[in-house]
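Colleague: Questions regarding the structure given below will be posed in turn.
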Amino acid sequence: MAILTDPLPGVDNENPDMSRLVEEAAVRNAIPTPTITTPGAALPPAIARVKNTTTEEFLKAMNKMPLFMTELDESNEDGTGENLELEALKALAHEGEPREVAQNFRNQGNDCYRSRAWSDAVEYYTKALAVKCGVVEIEEACYVNRAAANLELKNFRRVITDSKSALQLNPHNTKAWYRSARALLALDKISESLQCIDNGLSTSPTNKPLITLQEQALSRQSHLSDLETARQQRVQRQLAIEKTLAAAFAARNITVRRTPHPPDMEDVQAHLEDPLDPASELYFPAIFLYPLQGQSDFVKAFPVSSEVGVQLGVVLAEFPEWDHEKSYSPPGKVEVFVETRTGGLVRVGKKATLGNVLGNGGKVEVVDGLVKFLIVPKGEVGAFLEDWKRRMGK
């Protein structure tokens, strides 16, 4: 049980008189000094017990004695039950006047804080406060010091709570203002942090840590403000792009519809060459489906001014490896269809532009931003249409 004897920088200290406890523990655990005996005489009991033990066993036995402990061992000598001497020392920690008990826990917390054992420090300060000694100086210091330990542990909400409790006892506690301001800054509550800093500086105008923290808070506030401005600009631009795109659809008489669960096409979507000019070239992603073969080709950006046959010629420029019968190339050997809003099919001329197809009096709509074409060999069109009607219930 370490006793704090020197003041701890940054932590409030007060050293209780624990010499009586130390002396009693030393007497109980002292190892008798061996006596010089003549050859053949019996060894003293303390030496006789360790004569035939190894160094490791001897050190382990020493660690059972609270005064010589290097690590906490709460078992007795045979490794079972309680270490009665240790339990006695623990009990002593709770004996005495409430002020003495609270001060003892406070000093142990200070000792742990100095050793960077933050969690243990929090525990001791909590025990000190649980005594409810009624001494404002002790309770204020424990709240402030527990806030400091929690700040190291990044328990920012607890830092704020403890700092508040300390300030209720002493509104001029600069450390409490400083630690609450640091915790609030870590949570990006900039305005609250700056308010705490101002309150602390009103008590201590030249406090360097508070002045430095104020500079950091103002810098963070400026950075967050810049981020928010940039975010708002992105939002406004995106709204303008969407509005312009809707105007482009309306000007070209193109009907669009979104379903509750659109396909994930990443960043592939309908767009204008100039996102803020509705008269600029309009592009749609398009998929060419070959239903009789279960195959497809995908075009990321199909200009509405481009002819269907031109785009089809690009995707069928070479014989597809799945077209074993050579039924799809050249493109003149196939027919192109698009589905209507009512589930029917419209035959598309290869000279027609995509704008002509989509602006056909609202018969065709673009679902989820994707244009779909059905490609069928001319010799298979009749059977395909009959099968389509049957599946559509027509």
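Labels for the structure tokens follow display order: chains A, B, ..., residues from 1 in each chain, ligands from 1.
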Give me, as a PyMOL selection string, all polymer residues having an atom no more than 12 Å from Ser296 of chain A, counting only C-alpha atoms and skipping those fewer than 5 positions away in the same chain.
Modeller: chain A and resi 286-291+312+315-316+320+322-323+372-376
Colleague: Can you write out the residues you just picked, keeping C-alpha atoms, as an mmCIF file, in the first residue's frame?
Modeller:
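Result file is again-v6.cif:
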data_model
loop_
_atom_site.group_PDB
_atom_site.id
_atom_site.type_symbol
_atom_site.label_atom_id
_atom_site.label_comp_id
_atom_site.auth_asym_id
_atom_site.auth_seq_id
_atom_site.Cartn_x
_atom_site.Cartn_y
_atom_site.Cartn_z
ATOM 1 C CA ALA A 286 -28.154 0.972 -71.371
ATOM 2 C CA ILE A 287 -28.241 -2.806 -71.398
ATOM 3 C CA PHE A 288 -28.655 -4.950 -74.529
ATOM 4 C CA LEU A 289 -30.378 -8.201 -73.555
ATOM 5 C CA TYR A 290 -30.268 -11.374 -75.683
ATOM 6 C CA PRO A 291 -33.177 -13.271 -74.079
ATOM 7 C CA LEU A 312 -25.521 -2.062 -81.373
ATOM 8 C CA VAL A 315 -21.263 -4.134 -78.922
ATOM 9 C CA LEU A 316 -21.593 -6.648 -81.790
ATOM 10 C CA PRO A 320 -19.769 -12.985 -79.495
ATOM 11 C CA TRP A 322 -21.618 -17.447 -77.244
ATOM 12 C CA ASP A 323 -23.091 -16.854 -80.762
ATOM 13 C CA LYS A 372 -33.215 -1.870 -71.711
ATOM 14 C CA PHE A 373 -33.177 -3.238 -75.274
ATOM 15 C CA LEU A 374 -34.194 -6.775 -76.308
ATOM 16 C CA ILE A 375 -32.185 -8.177 -79.240
ATOM 17 C CA VAL A 376 -33.650 -11.115 -81.203
#
Colleague: Enumerate, as a PyMOL selection string, the complete set of residues in segment 239-328 of chain A that a backbone-based DSSP assignment places in strand (DSSP E or B).
Modeller: chain A and resi 255-257+271-272+282-290+295-303+307
Colleague: Using Å and a single decimal, report how far atom CA of Ala117 of chain A sits from atom CA of Thr212 of chain A.
Modeller: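 Those two atoms sit 26.5 Å apart.
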Colleague: Give the answer as one residue: which of A:Ala279, A:Val235, A:Met392, A:Ala301 has the shortest atom-to-atom distance to Glu339 of chain A, using only C-alpha atoms?
Modeller: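 Among the listed residues, A:Met392 lies closest to Glu339 of chain A.
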Colleague: Looking at only C-alpha atoms, which of A:Leu227, A:Val336, A:Val136, A:Leu282 is the one that sits closest to Gln269 of chain A?
Modeller: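 Residue with the minimum atom-to-atom distance to Gln269 of chain A: A:Leu282.
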